[in-house]
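Structure file structure_21.pdb with PDB, C-alpha atoms:
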ATOM      1  CA  MET A   1      16.323   0.039   3.475  1.00  0.00           C
ATOM      2  CA  THR A   2      13.727  -2.674   2.978  1.00  0.00           C
ATOM      3  CA  ILE A   3       9.976  -2.174   2.683  1.00  0.00           C
ATOM      4  CA  ALA A   4       9.562  -3.735   6.103  1.00  0.00           C
ATOM      5  CA  ASN A   5      11.554  -0.883   7.624  1.00  0.00           C
ATOM      6  CA  VAL A   6       9.395   1.858   6.161  1.00  0.00           C
ATOM      7  CA  THR A   7       6.556   1.788   8.690  1.00  0.00           C
ATOM      8  CA  GLY A   8       8.980   2.369  11.510  1.00  0.00           C
ATOM      9  CA  ALA A   9      10.733   5.346   9.944  1.00  0.00           C
ATOM     10  CA  ASN A  10      10.104   8.267  12.255  1.00  0.00           C
ATOM     11  CA  THR A  11      12.940   9.995  14.000  1.00  0.00           C
ATOM     12  CA  THR A  12      11.266  13.255  14.910  1.00  0.00           C
ATOM     13  CA  GLY A  13       8.071  12.208  16.654  1.00  0.00           C
ATOM     14  CA  SER A  14       5.973  13.844  13.928  1.00  0.00           C
ATOM     15  CA  PRO A  15       3.255  11.614  12.416  1.00  0.00           C
ATOM     16  CA  CYS A  16       3.810  12.883   8.873  1.00  0.00           C
ATOM     17  CA  PRO A  17       7.096  11.140   7.929  1.00  0.00           C
ATOM     18  CA  ASP A  18       5.819   7.875   9.395  1.00  0.00           C
ATOM     19  CA  ARG A  19       2.604   8.004   7.384  1.00  0.00           C
ATOM     20  CA  ALA A  20       4.511   9.113   4.288  1.00  0.00           C
ATOM     21  CA  GLY A  21       6.730   6.054   4.707  1.00  0.00           C
ATOM     22  CA  VAL A  22       3.712   3.783   5.031  1.00  0.00           C
ATOM     23  CA  TRP A  23       2.149   4.999   1.791  1.00  0.00           C
ATOM     24  CA  LEU A  24       5.448   5.063  -0.107  1.00  0.00           C
ATOM     25  CA  GLY A  25       6.008   1.463   0.995  1.00  0.00           C
ATOM     26  CA  ILE A  26       2.538   0.404  -0.142  1.00  0.00           C
ATOM     27  CA  LEU A  27       3.092   2.063  -3.523  1.00  0.00           C
ATOM     28  CA  LEU A  28       6.517   0.448  -3.876  1.00  0.00           C
ATOM     29  CA  ARG A  29       4.977  -2.952  -3.204  1.00  0.00           C
ATOM     30  CA  GLN A  30       1.926  -2.541  -5.441  1.00  0.00           C
ATOM     31  CA  PHE A  31       3.260  -0.683  -8.486  1.00  0.00           C
ATOM     32  CA  PRO A  32       5.007  -3.723 -10.058  1.00  0.00           C
ATOM     33  CA  GLU A  33       1.650  -5.546  -9.928  1.00  0.00           C
ATOM     34  CA  LEU A  34       0.229  -3.060 -12.447  1.00  0.00           C
ATOM     35  CA  GLY A  35       2.768  -4.210 -15.039  1.00  0.00           C
ATOM     36  CA  ARG A  36       1.847  -7.827 -14.418  1.00  0.00           C
ATOM     37  CA  GLU A  37      -1.819  -6.950 -14.969  1.00  0.00           C
ATOM     38  CA  LEU A  38      -0.953  -5.844 -18.521  1.00  0.00           C
ATOM     39  CA  THR A  39       0.948  -9.047 -19.329  1.00  0.00           C
ATOM     40  CA  PRO A  40      -1.224 -11.400 -21.417  1.00  0.00           C
ATOM     41  CA  SER A  41      -1.983 -14.723 -19.780  1.00  0.00           C
ATOM     42  CA  ARG A  42      -0.119 -17.692 -21.243  1.00  0.00           C
ATOM     43  CA  THR A  43      -3.349 -19.681 -21.136  1.00  0.00           C
ATOM     44  CA  ALA A  44      -5.438 -17.071 -22.965  1.00  0.00           C
ATOM     45  CA  ARG A  45      -6.824 -18.255 -26.305  1.00  0.00           C
ATOM     46  CA  PRO A  46      -6.233 -16.069 -29.382  1.00  0.00           C
ATOM     47  CA  ALA A  47      -9.179 -14.103 -30.666  1.00  0.00           C
ATOM     48  CA  LEU A  48     -10.866 -15.691 -33.673  1.00  0.00           C
ATOM     49  CA  ASN A  49     -11.975 -14.088 -36.907  1.00  0.00           C
ATOM     50  CA  PRO A  50     -15.432 -14.989 -38.248  1.00  0.00           C
ATOM     51  CA  GLY A  51     -13.768 -17.598 -40.453  1.00  0.00           C
ATOM     52  CA  GLY A  52     -12.382 -19.369 -37.377  1.00  0.00           C
ATOM     53  CA  ARG A  53      -8.772 -18.361 -37.922  1.00  0.00           C
ATOM     54  CA  GLY A  54      -6.714 -16.791 -35.208  1.00  0.00           C
ATOM     55  CA  SER A  55      -6.398 -13.022 -35.463  1.00  0.00           C
ATOM     56  CA  ARG A  56      -2.901 -11.620 -35.867  1.00  0.00           C
ATOM     57  CA  THR A  57      -3.928  -8.042 -35.169  1.00  0.00           C
ATOM     58  CA  ALA A  58      -6.310  -8.226 -32.231  1.00  0.00           C
ATOM     59  CA  PRO A  59      -4.925  -9.130 -28.794  1.00  0.00           C
ATOM     60  CA  SER A  60      -6.291 -12.148 -26.944  1.00  0.00           C
ATOM     61  CA  SER A  61      -7.812  -9.855 -24.346  1.00  0.00           C
ATOM     62  CA  PRO A  62      -8.775  -6.160 -24.433  1.00  0.00           C
ATOM     63  CA  ILE A  63      -6.036  -3.699 -23.589  1.00  0.00           C
ATOM     64  CA  ARG A  64      -6.713  -2.467 -20.086  1.00  0.00           C
ATOM     65  CA  LEU A  65      -6.626   1.251 -20.687  1.00  0.00           C
ATOM     66  CA  PHE A  66      -7.384   2.035 -17.057  1.00  0.00           C
ATOM     67  CA  ILE A  67      -4.305   0.090 -15.971  1.00  0.00           C
ATOM     68  CA  SER A  68      -2.050   1.763 -18.540  1.00  0.00           C
ATOM     69  CA  ASP A  69      -3.442   5.199 -17.618  1.00  0.00           C
ATOM     70  CA  THR A  70      -2.751   4.438 -13.963  1.00  0.00           C
ATOM     71  CA  ILE A  71       0.831   3.392 -14.720  1.00  0.00           C
ATOM     72  CA  ARG A  72       1.393   6.627 -16.636  1.00  0.00           C
ATOM     73  CA  ASP A  73      -0.227   8.755 -13.906  1.00  0.00           C
ATOM     74  CA  ILE A  74       1.811   7.167 -11.113  1.00  0.00           C
ATOM     75  CA  THR A  75       5.040   7.282 -13.131  1.00  0.00           C
ATOM     76  CA  ASP A  76       4.579  11.004 -13.804  1.00  0.00           C
ATOM     77  CA  GLY A  77       3.497  11.596 -10.203  1.00  0.00           C
ATOM     78  CA  VAL A  78       6.544   9.900  -8.696  1.00  0.00           C
ATOM     79  CA  VAL A  79       8.910  11.803 -11.003  1.00  0.00           C
ATOM     80  CA  GLU A  80       7.273  15.123 -10.102  1.00  0.00           C
ATOM     81  CA  LEU A  81       7.255  14.263  -6.399  1.00  0.00           C
ATOM     82  CA  GLU A  82      10.954  13.390  -6.294  1.00  0.00           C
ATOM     83  CA  GLU A  83      11.864  16.527  -8.256  1.00  0.00           C
ATOM     84  CA  ALA A  84       9.775  18.662  -5.887  1.00  0.00           C
ATOM     85  CA  VAL A  85      11.442  17.088  -2.853  1.00  0.00           C
ATOM     86  CA  CYS A  86      14.915  17.675  -4.278  1.00  0.00           C
ATOM     87  CA  ALA A  87      14.060  21.274  -5.118  1.00  0.00           C
ATOM     88  CA  LYS A  88      12.656  21.916  -1.645  1.00  0.00           C
ATOM     89  CA  LEU A  89      15.671  20.325   0.042  1.00  0.00           C
ATOM     90  CA  ARG A  90      18.032  22.150  -2.346  1.00  0.00           C
ATOM     91  CA  LEU A  91      19.448  18.915  -3.667  1.00  0.00           C
ATOM     92  CA  PRO A  92      20.664  18.311  -7.239  1.00  0.00           C
ATOM     93  CA  ARG A  93      18.026  17.264  -9.735  1.00  0.00           C
ATOM     94  CA  PRO A  94      17.511  13.507  -9.298  1.00  0.00           C
ATOM     95  CA  PRO A  95      18.969  11.169 -11.917  1.00  0.00           C
ATOM     96  CA  ARG A  96      16.774   9.100 -14.167  1.00  0.00           C
ATOM     97  CA  GLY A  97      15.434   5.880 -12.746  1.00  0.00           C
ATOM     98  CA  THR A  98      12.540   3.486 -12.581  1.00  0.00           C
ATOM     99  CA  VAL A  99       9.521   4.238 -10.436  1.00  0.00           C
ATOM    100  CA  GLU A 100      10.773   1.697  -7.908  1.00  0.00           C
ATOM    101  CA  ALA A 101      14.244   3.307  -7.796  1.00  0.00           C
ATOM    102  CA  ARG A 102      12.749   6.763  -7.304  1.00  0.00           C
ATOM    103  CA  LEU A 103      10.467   5.519  -4.521  1.00  0.00           C
ATOM    104  CA  MET A 104      13.436   3.953  -2.750  1.00  0.00           C
ATOM    105  CA  ARG A 105      15.300   7.262  -2.980  1.00  0.00           C
ATOM    106  CA  LEU A 106      12.299   9.076  -1.495  1.00  0.00           C
ATOM    107  CA  ILE A 107      12.107   6.539   1.324  1.00  0.00           C
ATOM    108  CA  GLY A 108      15.812   7.034   1.958  1.00  0.00           C
ATOM    109  CA  ALA A 109      15.232  10.790   2.245  1.00  0.00           C
ATOM    110  CA  LEU A 110      12.413  10.561   4.818  1.00  0.00           C
ATOM    111  CA  ASP A 111      14.617  11.792   7.655  1.00  0.00           C
ATOM    112  CA  ARG A 112      15.405  15.000   5.754  1.00  0.00           C
ATOM    113  CA  ILE A 113      11.812  15.355   4.543  1.00  0.00           C
ATOM    114  CA  SER A 114      10.544  15.130   8.129  1.00  0.00           C
ATOM    115  CA  ALA A 115      12.448  18.283   9.049  1.00  0.00           C
ATOM    116  CA  ASP A 116       9.964  20.279   6.954  1.00  0.00           C
ATOM    117  CA  PRO A 117       6.385  19.575   8.148  1.00  0.00           C
ATOM    118  CA  ASP A 118       4.798  21.088   5.023  1.00  0.00           C
ATOM    119  CA  LEU A 119       6.974  18.974   2.747  1.00  0.00           C
ATOM    120  CA  ALA A 120       6.336  15.862   4.837  1.00  0.00           C
ATOM    121  CA  GLU A 121       2.585  16.430   4.568  1.00  0.00           C
ATOM    122  CA  HIS A 122       2.843  16.945   0.798  1.00  0.00           C
ATOM    123  CA  VAL A 123       4.800  13.702   0.371  1.00  0.00           C
ATOM    124  CA  ARG A 124       2.275  11.829   2.521  1.00  0.00           C
ATOM    125  CA  ALA A 125      -0.718  13.193   0.615  1.00  0.00           C
ATOM    126  CA  GLU A 126       0.766  12.467  -2.822  1.00  0.00           C
ATOM    127  CA  ALA A 127       1.976   8.998  -1.849  1.00  0.00           C
ATOM    128  CA  ARG A 128      -1.444   8.187  -0.399  1.00  0.00           C
ATOM    129  CA  ARG A 129      -3.226   9.453  -3.536  1.00  0.00           C
ATOM    130  CA  MET A 130      -1.068   7.325  -5.821  1.00  0.00           C
ATOM    131  CA  ALA A 131      -1.316   4.264  -3.578  1.00  0.00           C
ATOM    132  CA  ARG A 132      -5.101   4.565  -3.537  1.00  0.00           C
ATOM    133  CA  ARG A 133      -5.228   4.885  -7.324  1.00  0.00           C
ATOM    134  CA  CYS A 134      -2.967   1.860  -7.647  1.00  0.00           C
ATOM    135  CA  SER A 135      -5.219  -0.167  -5.347  1.00  0.00           C
ATOM    136  CA  LEU A 136      -8.304   0.865  -7.324  1.00  0.00           C
ATOM    137  CA  ALA A 137      -6.706  -0.213 -10.598  1.00  0.00           C
ATOM    138  CA  LEU A 138      -5.795  -3.579  -9.081  1.00  0.00           C
ATOM    139  CA  GLY A 139      -9.381  -4.088  -7.915  1.00  0.00           C
ATOM    140  CA  ASP A 140      -8.733  -3.616  -4.206  1.00  0.00           C
ATOM    141  CA  ALA A 141     -11.602  -1.870  -2.456  1.00  0.00           C
ATOM    142  CA  GLU A 142      -9.402  -0.971   0.492  1.00  0.00           C
ATOM    143  CA  THR A 143      -5.683  -0.548   1.005  1.00  0.00           C
ATOM    144  CA  PRO A 144      -4.448  -2.474   4.050  1.00  0.00           C
ATOM    145  CA  VAL A 145      -1.655  -0.902   6.075  1.00  0.00           C
ATOM    146  CA  ARG A 146       1.099  -3.031   7.542  1.00  0.00           C
ATOM    147  CA  VAL A 147       1.783  -2.478  11.230  1.00  0.00           C
ATOM    148  CA  ARG A 148       4.515  -3.698  13.534  1.00  0.00           C
ATOM    149  CA  GLY A 149       4.095  -6.697  15.790  1.00  0.00           C
ATOM    150  CA  ARG A 150       3.738 -10.433  15.245  1.00  0.00           C
ATOM    151  CA  CYS A 151       0.473 -12.330  15.115  1.00  0.00           C
ATOM    152  CA  PRO A 152      -0.099 -13.933  18.536  1.00  0.00           C
ATOM    153  CA  HIS A 153      -1.296 -17.131  16.832  1.00  0.00           C
ATOM    154  CA  CYS A 154       1.262 -17.793  14.066  1.00  0.00           C
ATOM    155  CA  ASP A 155       4.094 -15.433  15.124  1.00  0.00           C
ATOM    156  CA  SER A 156       4.391 -14.027  11.583  1.00  0.00           C
ATOM    157  CA  VAL A 157       4.721 -10.331  10.692  1.00  0.00           C
ATOM    158  CA  SER A 158       1.376 -10.466   8.926  1.00  0.00           C
ATOM    159  CA  LEU A 159      -0.794  -7.975  10.824  1.00  0.00           C
ATOM    160  CA  ARG A 160      -2.598  -5.446   8.636  1.00  0.00           C
ATOM    161  CA  VAL A 161      -4.995  -2.634   9.500  1.00  0.00           C
ATOM    162  CA  PHE A 162      -8.030  -2.394   7.213  1.00  0.00           C
ATOM    163  CA  PRO A 163      -8.970   1.221   7.982  1.00  0.00           C
ATOM    164  CA  HIS A 164     -12.545   1.355   6.733  1.00  0.00           C
ATOM    165  CA  ARG A 165     -13.433  -1.812   8.636  1.00  0.00           C
ATOM    166  CA  GLU A 166     -11.586  -0.591  11.752  1.00  0.00           C
ATOM    167  CA  THR A 167     -10.148  -4.093  11.972  1.00  0.00           C
ATOM    168  CA  VAL A 168      -6.700  -5.662  12.224  1.00  0.00           C
ATOM    169  CA  LEU A 169      -6.375  -8.938  10.311  1.00  0.00           C
ATOM    170  CA  CYS A 170      -3.669 -11.564  10.176  1.00  0.00           C
ATOM    171  CA  VAL A 171      -3.232 -12.079   6.422  1.00  0.00           C
ATOM    172  CA  ASN A 172      -1.123 -15.222   6.749  1.00  0.00           C
ATOM    173  CA  PRO A 173      -3.248 -17.961   5.087  1.00  0.00           C
ATOM    174  CA  GLY A 174      -1.499 -20.584   7.214  1.00  0.00           C
ATOM    175  CA  CYS A 175      -2.370 -18.937  10.533  1.00  0.00           C
ATOM    176  CA  ARG A 176      -3.880 -21.391  13.030  1.00  0.00           C
ATOM    177  CA  CYS A 177      -4.809 -20.836  16.656  1.00  0.00           C
ATOM    178  CA  GLU A 178      -5.214 -23.248  19.575  1.00  0.00           C
ATOM    179  CA  ASP A 179      -8.996 -22.873  19.844  1.00  0.00           C
ATOM    180  CA  PRO A 180     -10.526 -26.147  18.566  1.00  0.00           C
ATOM    181  CA  ALA A 181     -13.787 -24.318  17.810  1.00  0.00           C
ATOM    182  CA  CYS A 182     -12.133 -21.624  15.664  1.00  0.00           C
ATOM    183  CA  ALA A 183     -13.030 -21.594  11.971  1.00  0.00           C
ATOM    184  CA  CYS A 184      -9.340 -21.411  11.038  1.00  0.00           C
ATOM    185  CA  ARG A 185      -9.236 -25.206  11.316  1.00  0.00           C
ATOM    186  CA  THR A 186     -12.021 -25.815   8.809  1.00  0.00           C
ATOM    187  CA  ASP A 187     -12.142 -22.764   6.534  1.00  0.00           C
ATOM    188  CA  ALA A 188      -9.048 -21.839   4.505  1.00  0.00           C
ATOM    189  CA  ARG A 189     -10.508 -18.364   3.894  1.00  0.00           C
ATOM    190  CA  HIS A 190     -10.772 -17.569   7.605  1.00  0.00           C
ATOM    191  CA  ARG A 191      -8.614 -14.746   8.952  1.00  0.00           C
ATOM    192  CA  HIS A 192      -8.086 -13.959  12.622  1.00  0.00           C
ATOM    193  CA  ALA A 193      -9.364 -10.449  13.275  1.00  0.00           C
ATOM    194  CA  TRP A 194      -9.329  -7.853  16.049  1.00  0.00           C
ATOM    195  CA  VAL A 195     -11.819  -4.963  16.078  1.00  0.00           C
ATOM    196  CA  ARG A 196     -10.712  -1.553  17.285  1.00  0.00           C
ATOM    197  CA  ALA A 197     -11.869  -2.160  20.870  1.00  0.00           C
ATOM    198  CA  GLU A 198      -9.354  -5.037  21.026  1.00  0.00           C
ATOM    199  CA  TRP A 199      -6.367  -3.162  19.585  1.00  0.00           C
ATOM    200  CA  ARG A 200      -4.861  -2.146  22.911  1.00  0.00           C
ATOM    201  CA  ARG A 201      -4.826  -5.748  24.126  1.00  0.00           C
ATOM    202  CA  LEU A 202      -3.430  -6.872  20.766  1.00  0.00           C
ATOM    203  CA  ALA A 203      -0.654  -4.273  20.898  1.00  0.00           C
ATOM    204  CA  GLU A 204       0.322  -5.400  24.393  1.00  0.00           C
ATOM    205  CA  ALA A 205       0.353  -9.063  23.357  1.00  0.00           C
ATOM    206  CA  THR A 206       2.394  -8.512  20.203  1.00  0.00           C
ATOM    207  CA  ASP A 207       4.716  -5.656  21.196  1.00  0.00           C
ATOM    208  CA  GLY A 208       2.897  -3.715  18.487  1.00  0.00           C
ATOM    209  CA  ASP A 209       2.220  -0.009  18.291  1.00  0.00           C
ATOM    210  CA  LEU A 210      -1.310   1.065  19.241  1.00  0.00           C
ATOM    211  CA  THR A 211      -0.659   4.594  17.950  1.00  0.00           C
ATOM    212  CA  GLU A 212       0.366   3.191  14.576  1.00  0.00           C
ATOM    213  CA  MET A 213      -2.816   1.109  14.322  1.00  0.00           C
ATOM    214  CA  ALA A 214      -5.018   4.069  15.204  1.00  0.00           C
ATOM    215  CA  ALA A 215      -3.161   6.390  12.811  1.00  0.00           C
ATOM    216  CA  ALA A 216      -3.829   4.027   9.903  1.00  0.00           C
ATOM    217  CA  GLN A 217      -7.563   4.064  10.664  1.00  0.00           C
ATOM    218  CA  ASP A 218      -7.567   7.834  11.097  1.00  0.00           C
ATOM    219  CA  GLU A 219      -6.162   8.177   7.579  1.00  0.00           C
ATOM    220  CA  ALA A 220      -9.399   6.658   6.243  1.00  0.00           C
ATOM    221  CA  ALA A 221     -11.544   9.016   8.315  1.00  0.00           C
ATOM    222  CA  GLN A 222      -9.606  11.972   6.916  1.00  0.00           C
ATOM    223  CA  ASP A 223     -10.136  10.670   3.376  1.00  0.00           C
ATOM    224  CA  GLU A 224     -13.901  10.485   3.880  1.00  0.00           C
ATOM    225  CA  GLU A 225     -13.972  14.004   5.332  1.00  0.00           C
ATOM    226  CA  GLU A 226     -12.043  15.391   2.360  1.00  0.00           C
ATOM    227  CA  MET A 227     -14.316  13.613  -0.133  1.00  0.00           C
ATOM    228  CA  SER A 228     -17.423  15.034   1.514  1.00  0.00           C
ATOM    229  CA  ARG A 229     -16.243  18.648   1.132  1.00  0.00           C
TER
END
Written as structure tokens, how would this file's structure read?
Amino acid sequence: MTIANVTGANTTGSPCPDRAGVWLGILLRQFPELGRELTPSRTARPALNPGGRGSRTAPSSPIRLFISDTIRDITDGVVELEEAVCAKLRLPRPPRGTVEARLMRLIGALDRISADPDLAEHVRAEARRMARRCSLALGDAETPVRVRGRCPHCDSVSLRVFPHRETVLCVNPGCRCEDPACACRTDARHRHAWVRAEWRRLAEATDGDLTEMAAAQDEAAQDEEEMSR
């Protein structure tokens, strides 16, 4: 199963396995980026001692403790989550594996997880928590959620819901439309966007899923409600 398949994984009609798949897919995509954040840049200059000589003991840049703590937290969390799922489903204890391998096994078990609503909700909540922590460590203020459908302008599978903004964006930097007055022709940073009032029309034009778009935004509303308690 590829990451692209995760958002469509729902065989029971329940929203929980679908949302669990979304957050597991986001975590699977983002977790390797944490390791790259800890890799020193090849262009970084070595730290200098007062005498002007390069230091052999100090790294060229400070160790990012927040990143390493996040890696450890997510690694432990994924191990505990997979073990809990196997115990609940009465499966053998999972073999050792990387975080990515364990996430792929969890994604592969979504059909069985969905048969137990409480378990499906637990997987969704834990996957969302870890994905949010991963995004925070990477400096992302908001986690975009991939949704089905192709951009009506560039025909790429690049539509993302940004829940807090209640906006769908095409994240393809090469996206261009036919409107000669559109900023996409003059500004490389421009992204075509659809606010929530336009989602139904967008879903119809792209064969997308309006329910999926709305569910992604509703996740953010639930987060804010939980934080305010």
Quiz prompt | Pick from A:Val145, A:Leu210, A:Leu103, A:Ala205, whichever lies nearest to Val123 of chain A using all atoms listed in the file | solution =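 Among A:Val145, A:Leu210, A:Leu103, A:Ala205, it is A:Leu103 that comes nearest to Val123 of chain A.
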Exercise. Around the point (-2.9, 2.3, 21.7) in the file's coordinates, collect all residues with an atom within 10 Å, using only C-alpha atoms, and return them as a PyMOL selection string.
Key: chain A and resi 196+198-204+208-215
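Evaluated against the shown file, the PyMOL selection byres ((chain A and resi 168) around 6) gives Arg160, Val161, Thr167, Leu169, Ala193 and Trp194 of chain A.
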Quiz item: At what distance in Å, to one decimal, does atom CA of Glu126 of chain A lie from atom CA of Leu38 of chain A?
Solution: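 About the pair atom CA of Leu38 of chain A and atom CA of Glu126 of chain A: they are 24.2 Å apart.
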Self-check item: Given only C-alpha atoms as the counted atoms, nearest of A:Ala131, A:Leu24, A:Ala109, A:Leu65 to Cys86 of chain A
Solution: A:Ala109
Quiz prompt | Given only C-alpha atoms as the counted atoms, nearest of A:His153, A:Arg29, A:Arg36, A:Arg102 to Val79 of chain A | solution = A:Arg102
